[in-house]
Protein chains: 2
Amino acid sequence: MKPYVEMSREELEALHEQLLLQYENVKAKGLKLDMSRGKPSKEQLDLSLGMMSILDEESDLMSSSGVDCRNYGILDGIPEARKLLADMSEVPERNILIYGNSSLNVMFDTISRAFTHGIMGSTPWCKLDKVKFLCPVPGYDRHFAITEYFGIEMINIPLLEDGPDMDLVEKYVSEDPAVKGIWCVPKYANPTGISYSDEVVRRFARLKPAAEDFRIFWDNAYSIHHLYDDKRDVIMEILNECTKCGNRHMVFKFISTSKVSFPGSGIAALAASKANLEDAKEYMKRQTIGHDKLNQLRHVRFFKDMQGMYTHMRKHAASLRPKFEIVLDTLEKELGGLEIGTWTKPLGGYFISFDSMDGCAKQIVAKAKEAGVVMTGAGATFPYGKDPKDSNIRIAPSFPTVDELALAAKVFVLSVKLVSVEKLLAQFGE
Amino acid sequence: MKPYVEMSREELEALHEQLLLQYENVKAKGLKLDMSRGKPSKEQLDLSLGMMSILDEESDLMSSSGVDCRNYGILDGIPEARKLLADMSEVPERNILIYGNSSLNVMFDTISRAFTHGIMGSTPWCKLDKVKFLCPVPGYDRHFAITEYFGIEMINIPLLEDGPDMDLVEKYVSEDPAVKGIWCVPKYANPTGISYSDEVVRRFARLKPAAEDFRIFWDNAYSIHHLYDDKRDVIMEILNECTKCGNRHMVFKFISTSKVSFPGSGIAALAASKANLEDAKEYMKRQTIGHDKLNQLRHVRFFKDMQGMYTHMRKHAASLRPKFEIVLDTLEKELGGLEIGTWTKPLGGYFISFDSMDGCAKQIVAKAKEAGVVMTGAGATFPYGKDPKDSNIRIAPSFPTVDELALAAKVFVLSVKLVSVEKLLAQFGE
């Protein structure tokens with residue numbers, strides 16, 4: 001089929017009639033499908049079921065340092081959990097601090113700490129007139145929700161094929177001392193699935209911030225979440241690179257096992273320079289006597305080491321791969337060549353990012369919903385929920401079954417076609 | 001033996017020589033004992049071992065509302081955990097919010113939230129020149145550590161036999177709008193073990209705060225931690241009482257299972273008015289997608305209901321009772337009538353509070369340490385670590401064995417005697 005933009009008014013009208021008919025037929029089916037949320041499927045969760053019984057009444061519940069994991073004690077994580085998550089974060093054990101069940105919580109608390117106590121001796125952000133964050137877009141809505149909640153001004157930075165637009169990043173960071181941070185998902189980014197190139201990581205490490213307390217918030221949420229064995233993204237380790245450039249305090253790395261073991265029942269960590277961790281511990285030691293060591297032990301006993309985790313993640317990949325592929329195949333087959341949308345083809349992570357013609361995303365999501373398919377709200381991938389072009393839609397294929405996805409993807413592409421045709425027709429005027 | 005104060009210089013000198021000899025003998029034993037920390041013993045932890053295998057690969061891991069506890073979802077706790085902790089907190093389910101592994105963390109976050117976002121629409125505390133908290137003393141060092149960390153001015157309020165000095169509390173709260181809170185451990189208080197009388201609770205509920213965002217921080221850490229079946233303290237439920245007095249937003253109740261199941265691997269909750277919980281949830285929904293639901297499920301499956309928890313706590317009591325008794329017996333037998341110290345005889349909780357003659361506590365703790373017995377640091381039970389009389393010492397008998405406690409208590413009373421005699425001798429001058 002030829003590109004929609006090349007069609008005449010008559011062709012478009014005929015197509016519209018045909019699409020409307022298809023759409024009404026689909027609507028009549030009363031579907032209830034959901035591609036909105038980046039959560040693992042039941043099948044994926046079952047992969048970690050063994051963790052439920054890895055500790056039992058007969059188990060040795062002592063950490064390798066001889067501490068009873070059932071009792072108070074150990075602020076920064078049991079040694080074996082520190083080792084495992086340090087390996088997962090690709091940093092030495094001295095650069096890791098274990099937290100509770102969620103890296104989002106660590107990020108929130110890190111921002112909150114900066115507001116009330118400042119970072120490494122700098123002025124608490126609550127004492128400043130203005131705090132700004134750079135937000136590569138499209139990005140993760142929960143990042144933006146944190147900075148919005150704290151009244152931080154968010155500045156959109158285009159996310160390109162190989163990472164954020166570094167010319168813009170460098171300009172803002174070096175010129176404006178109110179710019180205190182940038183949200184990054186460096187690998188299999190949420191939602192585009194792209195990974196930062198070595199050149200981008202190098203430019204990050206070489207930043208010359210106007211603010212001494214500027215930090216890169218490096219949310220490596222999908223560090224080992226590959227879809228393929230033979231094709232996978234590798235990113236440069238940022239803490240080491242920052243250290244080489246004399247910027248070792250400039251990055252906070254966040255990691256968790258949420259999409260490795262169980263979301264909400266995983267373990268999380270912060271990786272950073274010793275001085276940053278000491279600063280974080282000043283806060284932590286007032287906030288808690290210690291995090292859940294039994295859950296730390298459970299994770300280490302189950303995965304044993306990174307090899308164990310890699311093996312486990314290959315099982316996740318086997319479950320996720322056909323889901324990504326059915327959606328991508330449908331997009332290609334149904335929308336290829338029509339020039340009414342573009343989309344990413346990630347090698348890992350949890351999302352596919354779709355860009356419609358400008359001004360169509362909200363309507364597409366509404367149309368899909370009307371036909372029984374829930375998508376992430378249009379705009380959610382931008383600060384303040386405002387996509388200036390109204391074109392980005394996040395597709396989350398992990399939770400439904402392959403059969404459900406086949407159906408849902410068809411409804412989605414039909415919605416894209418319908419809205420696009422209507423948009424083009426509207427341009428001809430009444 | 002007669003009271004030390006009635007002894008002549010010669011009698012004291014003879015006694016001193018004798019005590020020194022005993023002390024040197026004890027020191028020579030090279031003991032290594034610890035009565036410093038309110039942590040459960042191994043025997044107590046073993047009582048909850050069944051929890052380790054209560055969930056296994058075959059378990060139904062769905063909440064009563066049909067949510068898979070292994071996945072994302074449910075911000076405020078699974079319904080069955082809300083029910084259990086609401087019952088434990090003696091409030092309706094609508095007044096409970098489940099958090100993570102520690103009530104200390106909930107308290108910290110509550111203070112932090114007040115600083116950055118204010119409470120129910122009031123001015124964030126970080127925007128105020130001065131924030132003050134009332135601190136009944138002696139009290140819990142970790143409470144004071146939080147308020148000190150946030151730069152809150154702490155005001156000592158004497159803790160009497162039946163609760164804080166309410167004349168003082170009423171005066172400060174009604175007159176000074178900078179007074180935003182008071183730390184309370186209303187039952188088996190840390191460290192004195194006293195419980196608040198109905199009259200005290202009633203006066204709390206009837207406070208007329210100058211600050212609209214004044215809150216009572218009601219840390220009911222030992223709500224079901226009785227030592228005896230036949231003698232136990234009962235306190236009036238504060239949220240209900242506040243509501244009756246038109247003050248339903250004035251109290252935050254904190255609770256956890258730290259000393260019921262496993263410290264650090266328990267579950268915690270905040271009980272408060274609906275409006276307060278909605279306010280807290282505005283924060284929580286940015287901070288996390290949800291707390292550890294598998295651990296919530298684990299707790300409910302293990303305890304089932306409050307009857308199950310009561311039965312469980314009777315086993316804890318059976319383990320703790322002889323420990324409290326050996327210490328109390330030793331204090332009575334060795335120090336009774338000497339008028340060099342007073343101590344509390346709690347019916348529950350984790351501590352015995354000892355008051356030496358003024359100006360002796362630090363030296364007593366040092367002497368005990370020199371002889372191999374670690375006590376909580378003198379002063380720790382006061383804001384800023386400063387006990388104005390240098391007389392209060394917290395005794396934590398839970399962790400050591402009964403045999404160890406018998407020894408440790410003897411070393412302690414010997415240290416008390418020795419320091420007291422030296423103090424009295426010093427008064428005669430050189």
# chains A, B, ... in the order shown; residues from 1 in each chain; ligands from 1
call {"tool": "residues_around", "arguments": {"residues": "Gln296 of chain B", "least_positions_apart": "4", "cutoff": "12 Å", "atoms": "only C-alpha atoms", "output": "PyMOL selection string"}}
result
(chain A and resi 264-265) or (chain B and resi 51+54-55+61-64+69-70+74+76-85+98-101+256-257+261+265-269+290-292+300-304)
call {"tool": "interface_residues", "arguments": {"of": "chain A", "to": "chain B", "cutoff": "6 Å", "atoms": "only C-alpha atoms", "output": "compact mmCIF listing (two decimals) with C-alpha atoms, in the first residue's frame"}}
result
# COMPACT_ATOMS: atom_id res chain seq x y z
CA LEU A 49 9.14 -19.52 42.34
CA MET A 52 9.88 -18.98 47.85
CA SER A 53 11.35 -22.07 49.44
CA ASP A 56 13.21 -22.74 55.20
CA GLU A 57 13.20 -23.77 58.84
CA ARG A 70 16.73 -12.60 61.29
CA ASN A 71 17.85 -9.95 63.77
CA TYR A 72 18.77 -6.25 63.83
CA LEU A 104 12.39 3.92 42.76
CA ASN A 105 12.28 4.37 46.53
CA PHE A 108 12.92 9.30 45.69
CA ILE A 146 9.27 12.48 41.62
CA PHE A 262 9.68 -10.32 42.01
CA PRO A 263 8.55 -6.71 41.50
CA GLY A 264 7.95 -5.25 44.94
CA SER A 265 9.77 -8.10 46.66
CA ARG A 286 18.69 7.67 61.05
CA GLN A 287 16.06 6.26 58.72
CA THR A 288 16.39 2.59 59.56
CA GLY A 290 18.62 -1.99 58.51
CA HIS A 291 16.83 -3.31 55.45
CA ASP A 292 15.37 -6.79 55.02
call {"tool": "atom_distance", "arguments": {"atom1": "atom CA of Gln427 of chain A", "atom2": "atom CA of Arg9 of chain A"}}
result
9.7 Å
call {"tool": "residues_around", "arguments": {"residues": "segment 306-313 of chain A", "least_positions_apart": "5", "cutoff": "7 Å", "atoms": "only C-alpha atoms", "output": "PyMOL selection string"}}
result
chain A and resi 84+87-88+225+260
call {"tool": "write_last_selection", "arguments": {"atoms": "N, CA, C and O atoms", "output": "mmCIF file, in the first residue's frame"}}
result
data_model
loop_
_atom_site.group_PDB
_atom_site.id
_atom_site.type_symbol
_atom_site.label_atom_id
_atom_site.label_comp_id
_atom_site.auth_asym_id
_atom_site.auth_seq_id
_atom_site.Cartn_x
_atom_site.Cartn_y
_atom_site.Cartn_z
ATOM 1 N N LEU A 84 26.860 -9.530 45.170
ATOM 2 C CA LEU A 84 26.007 -9.834 44.018
ATOM 3 C C LEU A 84 25.561 -8.562 43.295
ATOM 4 O O LEU A 84 25.669 -8.454 42.075
ATOM 5 N N ASP A 87 28.420 -6.748 41.562
ATOM 6 C CA ASP A 87 28.693 -7.384 40.266
ATOM 7 C C ASP A 87 27.644 -6.985 39.236
ATOM 8 O O ASP A 87 27.957 -6.668 38.088
ATOM 9 N N MET A 88 26.386 -6.991 39.666
ATOM 10 C CA MET A 88 25.301 -6.624 38.751
ATOM 11 C C MET A 88 25.466 -5.166 38.287
ATOM 12 O O MET A 88 25.165 -4.831 37.146
ATOM 13 N N HIS A 225 18.645 -7.191 31.054
ATOM 14 C CA HIS A 225 17.337 -7.589 30.527
ATOM 15 C C HIS A 225 17.360 -7.643 29.008
ATOM 16 O O HIS A 225 16.647 -6.908 28.330
ATOM 17 N N VAL A 260 13.862 -9.076 37.867
ATOM 18 C CA VAL A 260 14.719 -10.261 37.827
ATOM 19 C C VAL A 260 14.061 -11.337 38.703
ATOM 20 O O VAL A 260 13.852 -12.466 38.278
#
call {"tool": "residues_around", "arguments": {"residues": "segment 324-333 of chain A", "least_positions_apart": "4", "cutoff": "7 Å", "atoms": "only C-alpha atoms", "output": "JSON, numbers by chain"}}
result
{"A": [320, 397, 405, 406, 409, 410, 413]}
call {"tool": "write_last_selection", "arguments": {"atoms": "N, CA and C atoms", "output": "mmCIF file, in the first residue's frame"}}
result
data_model
loop_
_atom_site.group_PDB
_atom_site.id
_atom_site.type_symbol
_atom_site.label_atom_id
_atom_site.label_comp_id
_atom_site.auth_asym_id
_atom_site.auth_seq_id
_atom_site.Cartn_x
_atom_site.Cartn_y
_atom_site.Cartn_z
ATOM 1 N N LEU A 320 9.808 -13.340 26.912
ATOM 2 C CA LEU A 320 9.501 -11.998 26.400
ATOM 3 C C LEU A 320 9.657 -11.878 24.877
ATOM 4 N N PRO A 397 4.682 -4.857 26.049
ATOM 5 C CA PRO A 397 4.187 -6.167 25.621
ATOM 6 C C PRO A 397 4.427 -7.301 26.620
ATOM 7 N N LEU A 405 -1.569 -10.509 22.701
ATOM 8 C CA LEU A 405 -0.795 -9.444 22.058
ATOM 9 C C LEU A 405 -1.073 -9.368 20.571
ATOM 10 N N ALA A 406 -1.246 -10.538 19.951
ATOM 11 C CA ALA A 406 -1.541 -10.571 18.516
ATOM 12 C C ALA A 406 -2.815 -9.769 18.253
ATOM 13 N N ALA A 409 -2.259 -5.928 19.294
ATOM 14 C CA ALA A 409 -1.445 -5.192 18.312
ATOM 15 C C ALA A 409 -2.287 -4.855 17.080
ATOM 16 N N LYS A 410 -3.172 -5.767 16.690
ATOM 17 C CA LYS A 410 -4.040 -5.485 15.533
ATOM 18 C C LYS A 410 -4.987 -4.323 15.823
ATOM 19 N N VAL A 413 -2.833 -1.080 15.635
ATOM 20 C CA VAL A 413 -2.508 -0.566 14.295
ATOM 21 C C VAL A 413 -3.758 -0.058 13.580
#
